[in-house]
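Here is the structure we will look at.
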Amino acid sequence: KKNIYSFAEGARQGKELLGGKGANLAKMTSLQLPVPQGFTITTACCMAYLEDETFFTTQLKNDILKAVNELENMTGQSFTQPHDLLLVSVRSGAAFSMPGMMDTILNLGLNDERVKLFAQSTTIAFAYDCYRRLIQMFGDVVYSIPKEVFNQALEKNEQRLNKPTRDWSETEHQTLIKTYQTIYEDHHVDFPQDPVEQLFAAIQAVFKSWLNPRAHVYRELHQIPDSLGTAVNIQAMVFGNKGMQSGTGVIFTRNPATGKKELFGEFLINAQGEDVVAGIRTPLPIHELNAILPDAYEAINYYAEKLEQHYQDMQDIEFTIEQGSLYILQTRHGKRTAKAAVQIVLDFVNEGMISKEEAVLRISPATIEQLLHPVFEPETLKEATVLAEGLPASPGAATGTIVFTAEKAKELHKQGINVILVRQETSPEDIEGMIVSQAIVTSRGGMTSHAAVVARGMGTCCVAGCEELNVNEELKQITCDTIKLTEGDRLSVDGSSGRLYIGELPTVFEENNQALQQLLSWADSFAHLKVRANAETPEELNVAINFGATGIGLARTEHMFFGEERLLEMRRLILSDSDDDLTQTLDTLLRFQQNDFYQMLKTIQDKPMVIRLLDPPLHEFLPHNPNDIINLAKQLNHRPEQLTKKINQLQETNPMLGHRGCRLGITEPLIYQMQVTAIFNSVIELAKEGVIIQPEIMIPLISDKEELLEIKRFLSETIQQVFDSHNIPPIPYQLGTMIELPRACLIADTLAEDADFFSFGTNDLTQMTYGFSRDDIGKFINSYQEKKIMTIDPFQTLDQEGVGQLIKIAVTKARQTKPNLVIGVCGEVGGDPASIKFFHQLGISYVSCSAYRVPTARLAAGQAAL
Ligand code: ADP
Ligand code: MG
């Protein structure tokens, strides 16, 4: 097996073997882009080494020496001889990009002697800048010596000498280098003077960085397997820190926040490597490079276009300019906000780069969820006090308690408190704190700083580079002009405008944006499965329709019995002991419900809406504590003892399996009759207004054909009476059943004979199939998940092996009876992309989910069909 590929020969190898960085460096080399030469040690070597460290000496060492030798030949420079110094970088690079999670060392090959030679052919300030960086990075990566220790030593010397490093003499530089080396001694290690030794140590440290905790956390978050390993790239150095004609930067070929087609990015003059992303100096926007180094700027534009065309996707490109010449050091698919992701695929379709199908497939359902991020309520926003304004690095609106460290963020998050992490700048060590934060705020750094990139990747709201803020992490306070905020104070962060507000502002959801509408309409055109919503109040119905629901798959009628006034009537009904009482109460409830149905039907007009008749057991409507019972007795003119007795009668040992659903319909037909009367009265009223509606009425918890027949019998009688009383010919309607009991699945063929439609109630079907109630699952589900007995939550994602098989049997049997039977799924899993794929394969007619999940479900339905 080949351990090493030079950039010139790796173009045909995949990123699994060479890592994303290595594969793209090889690809760019073959496309003849200006890439400094180098070679890649494979990810397989990393895993072999992590398994058994002797692999390095026995299998790898000689191959590395050979590759270095080739690199010397290609560049005409030397890694060990005292002339034409070859310096290299050692760069980690896994198959999936993990920004800043693993390690990179620059300027390898310098030592106390070679730096003098280097200074002779360049300048003292430059040569020692490189050497200083090498010793610092090497100490950090290989020996875990904190970077700050070196920075402090540097600052101290600058103060002592009272001049910037560029004015130091060689001896003054050498004094600092000595200090750096004593820092190594304090840690009982040495900085190796032999370049080859440096290289070997650096490579092994990069291999090991695959296992560092922050990389591990990142992989867990993004579900990247631990078994992949990182490749290591050894590359000839080019120098962005070689004076005012040099620099380094990062660009995106499209705006990663909005998706707009424009070159977007930042650069720093006279800087090296990590300076831009580390957020130490705030970089300049890329278009300003045009005035400083126009040729380099033009070249960047040219290669940006070329790379985007080649990869057919938005690229995130790292470049360095050495004395006017441009070098490309990295390209990868750029991380972007959900909004940008949608805009970009839309533009790609318009530019003829990709097909509509491809566009739909490229957007993940999770992206859509992010797009439905809240925004601050516009009216309150006008009144709110702006604390400061920074860069809108990642959209969203978040409120929470200010914290200054990742640890504190984790601690408060555990207590269920929403936190906003505020820092001068974030570093990869902060990753766990960033994950639990509602928003991230930094006072330094640009749009491509660590905080910005990571936040966009996670879909977390972020404002970066808010320079008006004076963040003091030690005192745990922010000052901004005369305002001072400390840990525990509340802050509101608007990641779309970059503004920070004092206190907590209310949030609302934004209206659907147009780009999303376009993409989802394409998804709809591919989908076989329709998406409806579960909704019943006029507000929810409107949200559902705005999100593109084709109808309502489940309108529960329970809420019509709640609210103080209605509840009292319902209680009167349940407890009534005279016929007069009963008729009167039913009449009152009828008027309430009729008005509700009228509003609901009017809101959704001619879109289909499945109305489910009352489902929960009656005792859910009754009070249980003694005081409430006494009060109710007073209101209804009952004796408390009598009431308590009645309540006890209705008590059930196992309500989930008890007197509910159609069982209630059969023992108390008056309630169902009242409900359908209300429905048809409203339908007739709307018909008079010219709105023609064909209602769909659904009966819950059917387990037997005779139940269905009995309920159908008395409901159709009632409905006919309604038509007669209005003296009009019948309006067509449908009577369907929920399928939410295993028995119903097994006899679906016979139920289909008498049902106009089916709808799977997956919540009940899941609890009935497993035999555990959703309300009690909390007692054991955690240990089940810890012990990996159950890895998915079957109420979130359909259990395809069990519940899914029952659904499959039911669909097959039902369609034997009625090939065109409309079969829906209502319940939590109706909005889950993985479950939607399964429902698509079964030929389900529609899924119905909560209104906010409709856009996600539409995309998933489109993808399932492609
Ligand atoms: P990361 O994966 O964290 O982005 P990189 O391997 O890309 O780490 O290295 C970080 C930075 O170091 C790069 O952005 C680049 O600017 C700089 N760098 C790496 N290799 C070289 C090189 N051969 N010459 C000049 N700069 C380099
Ligand atoms: Mg990089």
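Numbering starts fresh at 1 for the residues of each chain in the structure tokens, the chains themselves are lettered A, B, ... in the order given, and ligands are numbered from 1 as they appear.
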So which residues touch Lys306 in chain A within 12 Å, counting only C-alpha atoms, skipping near sequence neighbours fewer than 2 positions away, as a PyMOL selection string?
chain A and resi 28+31-33+253+299-304+308-315+317+331
Would you output that residue set with N, CA and C atoms, as a PDB file, in the first residue's frame?
ATOM      1  N   MET A  28      -6.112  20.721  -7.363  1.00  0.00           N
ATOM      2  CA  MET A  28      -5.756  22.069  -7.819  1.00  0.00           C
ATOM      3  C   MET A  28      -4.406  22.063  -8.543  1.00  0.00           C
ATOM      4  N   LEU A  31      -5.029  21.008 -11.929  1.00  0.00           N
ATOM      5  CA  LEU A  31      -5.701  22.071 -12.698  1.00  0.00           C
ATOM      6  C   LEU A  31      -4.746  23.245 -12.969  1.00  0.00           C
ATOM      7  N   GLN A  32      -3.508  23.066 -12.567  1.00  0.00           N
ATOM      8  CA  GLN A  32      -2.446  24.048 -12.782  1.00  0.00           C
ATOM      9  C   GLN A  32      -2.683  25.365 -12.063  1.00  0.00           C
ATOM     10  N   LEU A  33      -3.260  25.270 -10.881  1.00  0.00           N
ATOM     11  CA  LEU A  33      -3.372  26.462 -10.049  1.00  0.00           C
ATOM     12  C   LEU A  33      -2.054  26.684  -9.317  1.00  0.00           C
ATOM     13  N   THR A 253     -16.530  32.145  -2.519  1.00  0.00           N
ATOM     14  CA  THR A 253     -16.889  32.563  -3.866  1.00  0.00           C
ATOM     15  C   THR A 253     -18.287  33.170  -3.913  1.00  0.00           C
ATOM     16  N   ALA A 299      -6.217  38.074  -9.839  1.00  0.00           N
ATOM     17  CA  ALA A 299      -5.928  36.634  -9.878  1.00  0.00           C
ATOM     18  C   ALA A 299      -6.869  35.875  -8.946  1.00  0.00           C
ATOM     19  N   ILE A 300      -7.143  36.443  -7.790  1.00  0.00           N
ATOM     20  CA  ILE A 300      -8.049  35.778  -6.845  1.00  0.00           C
ATOM     21  C   ILE A 300      -9.425  35.606  -7.477  1.00  0.00           C
ATOM     22  N   ASN A 301      -9.919  36.673  -8.111  1.00  0.00           N
ATOM     23  CA  ASN A 301     -11.217  36.588  -8.785  1.00  0.00           C
ATOM     24  C   ASN A 301     -11.232  35.487  -9.838  1.00  0.00           C
ATOM     25  N   TYR A 302     -10.158  35.426 -10.591  1.00  0.00           N
ATOM     26  CA  TYR A 302     -10.059  34.451 -11.670  1.00  0.00           C
ATOM     27  C   TYR A 302     -10.100  33.018 -11.118  1.00  0.00           C
ATOM     28  N   TYR A 303      -9.309  32.757 -10.083  1.00  0.00           N
ATOM     29  CA  TYR A 303      -9.248  31.384  -9.560  1.00  0.00           C
ATOM     30  C   TYR A 303     -10.522  31.024  -8.784  1.00  0.00           C
ATOM     31  N   ALA A 304     -11.133  32.014  -8.172  1.00  0.00           N
ATOM     32  CA  ALA A 304     -12.391  31.762  -7.455  1.00  0.00           C
ATOM     33  C   ALA A 304     -13.428  31.212  -8.426  1.00  0.00           C
ATOM     34  N   GLU A 308     -14.943  27.390  -8.477  1.00  0.00           N
ATOM     35  CA  GLU A 308     -16.383  27.177  -8.310  1.00  0.00           C
ATOM     36  C   GLU A 308     -16.936  26.382  -9.498  1.00  0.00           C
ATOM     37  N   GLN A 309     -16.498  26.722 -10.684  1.00  0.00           N
ATOM     38  CA  GLN A 309     -16.933  25.988 -11.868  1.00  0.00           C
ATOM     39  C   GLN A 309     -16.517  24.525 -11.769  1.00  0.00           C
ATOM     40  N   HIS A 310     -15.288  24.316 -11.343  1.00  0.00           N
ATOM     41  CA  HIS A 310     -14.797  22.940 -11.292  1.00  0.00           C
ATOM     42  C   HIS A 310     -15.552  22.113 -10.262  1.00  0.00           C
ATOM     43  N   TYR A 311     -15.726  22.655  -9.068  1.00  0.00           N
ATOM     44  CA  TYR A 311     -16.365  21.877  -7.992  1.00  0.00           C
ATOM     45  C   TYR A 311     -17.885  21.996  -8.012  1.00  0.00           C
ATOM     46  N   GLN A 312     -18.419  22.866  -8.843  1.00  0.00           N
ATOM     47  CA  GLN A 312     -19.868  23.077  -8.948  1.00  0.00           C
ATOM     48  C   GLN A 312     -20.479  23.382  -7.596  1.00  0.00           C
ATOM     49  N   ASP A 313     -19.722  24.098  -6.794  1.00  0.00           N
ATOM     50  CA  ASP A 313     -20.294  24.512  -5.513  1.00  0.00           C
ATOM     51  C   ASP A 313     -19.517  25.717  -4.994  1.00  0.00           C
ATOM     52  N   MET A 314     -20.120  26.420  -4.056  1.00  0.00           N
ATOM     53  CA  MET A 314     -19.477  27.577  -3.455  1.00  0.00           C
ATOM     54  C   MET A 314     -18.215  27.123  -2.725  1.00  0.00           C
ATOM     55  N   GLN A 315     -17.091  27.818  -2.966  1.00  0.00           N
ATOM     56  CA  GLN A 315     -15.826  27.417  -2.373  1.00  0.00           C
ATOM     57  C   GLN A 315     -15.358  28.398  -1.302  1.00  0.00           C
ATOM     58  N   ILE A 317     -11.835  29.497   0.135  1.00  0.00           N
ATOM     59  CA  ILE A 317     -10.471  29.393  -0.383  1.00  0.00           C
ATOM     60  C   ILE A 317      -9.484  30.149   0.513  1.00  0.00           C
ATOM     61  N   THR A 331      -8.822  24.789  -0.763  1.00  0.00           N
ATOM     62  CA  THR A 331     -10.191  25.078  -1.186  1.00  0.00           C
ATOM     63  C   THR A 331     -11.086  23.989  -0.652  1.00  0.00           C
TER      64      THR A 331
END
Output as number ranges by chain all residues of range 14-176 of chain A that backbone DSSP marks as strand (DSSP E or B).
A: 38-41, 78, 85, 88-94, 104-108
Selection to disk with C-alpha atoms, as a short mmCIF file (atom, residue, chain, number, x, y, z; two decimals), in the first residue's frame:
data_model
loop_
_atom_site.label_atom_id
_atom_site.label_comp_id
_atom_site.auth_asym_id
_atom_site.auth_seq_id
_atom_site.Cartn_x
_atom_site.Cartn_y
_atom_site.Cartn_z
CA GLY A 38 4.12 19.14 -1.35
CA PHE A 39 2.92 15.66 -0.49
CA THR A 40 0.23 13.96 1.54
CA ILE A 41 0.57 11.12 4.06
CA SER A 78 17.20 22.15 0.73
CA LEU A 85 16.42 26.86 2.72
CA VAL A 88 7.53 23.47 5.11
CA SER A 89 4.18 23.43 6.80
CA VAL A 90 2.73 20.29 8.36
CA ARG A 91 -1.05 20.45 7.98
CA SER A 92 -3.75 18.17 9.26
CA GLY A 93 -6.69 17.44 6.98
CA ALA A 94 -9.46 14.88 7.47
CA THR A 104 -1.01 22.75 11.80
CA ILE A 105 2.59 23.89 12.19
CA LEU A 106 4.25 26.42 9.88
CA ASN A 107 7.87 27.27 9.05
CA LEU A 108 9.37 23.89 9.90
#
Distance limit 8 Å, reference ligand 1, atoms considered: only C-alpha atoms and all ligand atoms. Which residues make the cut? Give them as number ranges by chain.
A: 21, 36, 88-93, 97-107, 233-240, 248-250, 272-274, 277, 318-320, 329-330
In Å, rounded to a single decimal, give me how far CA of Glu536 in chain A is from CA of Leu590 in chain A.
17.2 Å
Among range 658-824 of chain A, which residues carry a DSSP assignment of helix (DSSP H, G or I), reported as an NGL selection string?
:A and (662-667 or 669-688 or 705-726 or 742-746 or 748-754 or 762-770 or 777-779 or 781-786 or 803-817)
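Of the listed residues (A:Val493, A:Cys130, A:Met570, A:Leu821), A:Met570 comes nearest to Leu636 in chain A; the distances count only C-alpha atoms.
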Close residues, Thr385 in chain A itself excluded, 12 Å, only C-alpha atoms, min 5 positions apart in chain, as a compact mmCIF listing (two decimals) with N, CA, C and O atoms, in the first residue's frame:
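selection08.txt was written with the following content:
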# COMPACT_ATOMS: atom_id res chain seq x y z
N THR A 380 -41.38 45.64 19.09
CA THR A 380 -40.56 45.81 20.29
C THR A 380 -39.15 46.23 19.91
O THR A 380 -38.47 46.95 20.64
N ILE A 483 -21.99 52.02 29.64
CA ILE A 483 -22.79 50.89 30.11
C ILE A 483 -21.89 49.74 30.53
O ILE A 483 -20.89 49.44 29.87
N LEU A 491 -29.08 39.53 27.68
CA LEU A 491 -28.70 40.15 26.43
C LEU A 491 -29.54 39.53 25.32
O LEU A 491 -29.90 38.35 25.38
N SER A 492 -29.88 40.33 24.30
CA SER A 492 -30.55 39.80 23.11
C SER A 492 -29.63 40.02 21.92
O SER A 492 -29.05 41.09 21.76
N VAL A 493 -29.48 38.99 21.11
CA VAL A 493 -28.50 39.02 20.02
C VAL A 493 -29.22 38.80 18.70
O VAL A 493 -29.94 37.82 18.53
N ARG A 499 -26.78 43.33 15.61
CA ARG A 499 -27.02 44.21 16.76
C ARG A 499 -27.22 43.43 18.06
O ARG A 499 -27.77 42.34 18.06
N LEU A 500 -26.75 44.08 19.14
CA LEU A 500 -26.96 43.52 20.48
C LEU A 500 -27.89 44.46 21.23
O LEU A 500 -27.75 45.68 21.13
N TYR A 501 -28.83 43.87 21.96
CA TYR A 501 -29.78 44.68 22.72
C TYR A 501 -29.69 44.30 24.19
O TYR A 501 -29.47 43.13 24.53
N ILE A 502 -29.89 45.29 25.04
CA ILE A 502 -29.89 45.04 26.48
C ILE A 502 -31.23 44.41 26.86
O ILE A 502 -32.28 44.84 26.38
N GLY A 503 -31.17 43.37 27.68
CA GLY A 503 -32.40 42.74 28.16
C GLY A 503 -32.88 41.65 27.22
O GLY A 503 -32.21 41.29 26.27
N GLU A 504 -34.07 41.13 27.51
CA GLU A 504 -34.63 40.04 26.71
C GLU A 504 -35.78 40.53 25.85
O GLU A 504 -36.78 41.02 26.35
N LEU A 505 -35.65 40.38 24.55
CA LEU A 505 -36.71 40.81 23.63
C LEU A 505 -37.51 39.58 23.18
O LEU A 505 -36.95 38.50 23.02
Near-Asn763 in chain A list (9 Å; only C-alpha atoms; drop same-chain fewer than 3 positions) as a PyMOL selection string
chain A and resi 740+760+766-768+774+794-795+826-829
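Minimum atom-to-atom distances from A:Ser845, A:Ser443, A:Gln594, A:Asn24 to Met674 in chain A were compared using only C-alpha atoms, and the lowest value belongs to A:Gln594.
When only C-alpha atoms are used to measure the gap to Ile64 in chain A, the shortest distance among A:Ser121, A:Ser6, A:Asn595, A:Thr29 belongs to A:Ser6.
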Do you have the CA of Lys116 in chain A-CA of Glu170 in chain A distance handy?
8.6 Å
What's around range 122-125 of chain A at 12 Å? Count only C-alpha atoms, leave out sequence neighbours fewer than 6 positions away in its own chain, and write the answer as JSON, numbers by chain.
{"A": [84, 85, 115, 116, 131, 132, 164, 165, 166, 167, 168, 169, 170, 171, 172, 173, 174, 239, 241, 242, 243, 270, 323]}
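Neighbouring residues of Gln514 in chain A at 12 Å or closer, counting only C-alpha atoms and skipping chain neighbours under 5 positions away, are A:Lys339, A:Val342, A:Gln343, A:Leu346, A:Leu371, A:Leu519, A:Leu520, A:Ser521, A:Asn546, A:Phe547.
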Leaving out Ala744 in chain A and any residue of its chain fewer than 6 positions from it, which residues lie within 10 Å of it when counting only C-alpha atoms, given as a ChimeraX atom specification?
/A:701-705,737-738,750-751,760,765,806-807,810
Take the residues that were just selected and, keeping all heavy atoms, output them as a compact mmCIF listing (two decimals), in the first residue's frame.
# COMPACT_ATOMS: atom_id res chain seq x y z
N LEU A 701 -59.60 5.68 17.36
CA LEU A 701 -59.43 4.46 18.14
C LEU A 701 -60.33 3.28 17.74
O LEU A 701 -60.74 2.49 18.57
CB LEU A 701 -59.64 4.77 19.64
CG LEU A 701 -58.70 3.99 20.58
CD1 LEU A 701 -57.28 4.49 20.44
CD2 LEU A 701 -59.17 4.09 22.02
N ILE A 702 -60.59 3.16 16.46
CA ILE A 702 -61.38 2.02 15.97
C ILE A 702 -60.51 0.76 16.02
O ILE A 702 -59.35 0.77 15.61
CB ILE A 702 -61.83 2.28 14.51
CG1 ILE A 702 -62.88 3.39 14.45
CG2 ILE A 702 -62.33 1.01 13.86
CD1 ILE A 702 -64.26 2.99 14.94
N SER A 703 -61.10 -0.33 16.55
CA SER A 703 -60.37 -1.59 16.53
C SER A 703 -61.19 -2.69 15.88
O SER A 703 -60.71 -3.80 15.68
CB SER A 703 -60.01 -2.01 17.96
OG SER A 703 -61.20 -2.25 18.69
N ASP A 704 -62.45 -2.36 15.54
CA ASP A 704 -63.33 -3.41 15.03
C ASP A 704 -64.32 -2.82 14.04
O ASP A 704 -64.78 -1.69 14.19
CB ASP A 704 -64.08 -4.05 16.20
CG ASP A 704 -64.80 -5.31 15.78
OD1 ASP A 704 -64.16 -6.39 15.85
OD2 ASP A 704 -65.97 -5.22 15.36
N LYS A 705 -64.67 -3.65 13.04
CA LYS A 705 -65.60 -3.20 12.01
C LYS A 705 -66.96 -2.83 12.58
O LYS A 705 -67.59 -1.87 12.14
CB LYS A 705 -65.75 -4.32 10.98
CG LYS A 705 -66.57 -3.98 9.74
CD LYS A 705 -66.70 -5.24 8.90
CE LYS A 705 -67.73 -5.10 7.79
NZ LYS A 705 -67.20 -4.41 6.62
N THR A 737 -61.54 6.66 9.30
CA THR A 737 -61.13 6.19 10.61
C THR A 737 -59.64 6.37 10.83
O THR A 737 -58.84 6.32 9.88
CB THR A 737 -61.50 4.72 10.83
OG1 THR A 737 -60.87 4.23 11.99
CG2 THR A 737 -61.09 3.86 9.65
N MET A 738 -59.29 6.57 12.08
CA MET A 738 -57.88 6.54 12.44
C MET A 738 -57.48 5.09 12.55
O MET A 738 -58.28 4.24 12.95
CB MET A 738 -57.64 7.22 13.78
CG MET A 738 -57.75 8.70 13.70
SD MET A 738 -56.98 9.50 15.11
CE MET A 738 -55.30 9.64 14.58
N THR A 750 -60.94 -5.21 5.97
CA THR A 750 -62.38 -5.14 6.24
C THR A 750 -62.78 -3.74 6.69
O THR A 750 -63.85 -3.25 6.34
CB THR A 750 -62.81 -6.17 7.30
OG1 THR A 750 -62.09 -5.93 8.49
CG2 THR A 750 -62.57 -7.58 6.84
N LEU A 751 -61.90 -3.04 7.43
CA LEU A 751 -62.23 -1.66 7.81
C LEU A 751 -62.34 -0.78 6.58
O LEU A 751 -63.19 0.12 6.52
CB LEU A 751 -61.16 -1.10 8.76
CG LEU A 751 -61.09 -1.68 10.18
CD1 LEU A 751 -59.96 -1.03 10.96
CD2 LEU A 751 -62.42 -1.50 10.92
N PHE A 760 -53.17 7.11 9.82
CA PHE A 760 -52.43 6.43 10.89
C PHE A 760 -52.11 7.43 12.00
O PHE A 760 -51.47 8.44 11.75
CB PHE A 760 -51.14 5.83 10.36
CG PHE A 760 -51.35 4.62 9.52
CD1 PHE A 760 -51.35 4.71 8.13
CD2 PHE A 760 -51.59 3.38 10.10
CE1 PHE A 760 -51.57 3.59 7.35
CE2 PHE A 760 -51.81 2.26 9.32
CZ PHE A 760 -51.80 2.36 7.95
N LEU A 765 -50.35 4.44 17.87
CA LEU A 765 -49.94 3.15 17.31
C LEU A 765 -48.59 2.72 17.87
O LEU A 765 -48.36 1.53 18.16
CB LEU A 765 -49.90 3.22 15.78
CG LEU A 765 -49.62 1.89 15.07
CD1 LEU A 765 -50.65 0.82 15.46
CD2 LEU A 765 -49.60 2.05 13.55
N LEU A 806 -46.40 -2.96 10.77
CA LEU A 806 -47.86 -2.94 10.94
C LEU A 806 -48.50 -1.99 9.93
O LEU A 806 -49.53 -2.30 9.33
CB LEU A 806 -48.22 -2.51 12.36
CG LEU A 806 -48.12 -3.59 13.44
CD1 LEU A 806 -48.29 -2.96 14.82
CD2 LEU A 806 -49.18 -4.66 13.21
N ILE A 807 -47.87 -0.85 9.75
CA ILE A 807 -48.40 0.12 8.78
C ILE A 807 -48.38 -0.48 7.38
O ILE A 807 -49.33 -0.36 6.61
CB ILE A 807 -47.60 1.44 8.85
CG1 ILE A 807 -47.81 2.10 10.21
CG2 ILE A 807 -48.00 2.37 7.72
CD1 ILE A 807 -47.04 3.39 10.43
N ALA A 810 -51.15 -2.92 6.93
CA ALA A 810 -52.43 -2.23 6.83
C ALA A 810 -52.61 -1.58 5.46
O ALA A 810 -53.67 -1.68 4.85
CB ALA A 810 -52.53 -1.17 7.94
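Straight-line separation from CA of Ile844 in chain A to CA of Ile823 in chain A: 5.6 Å.
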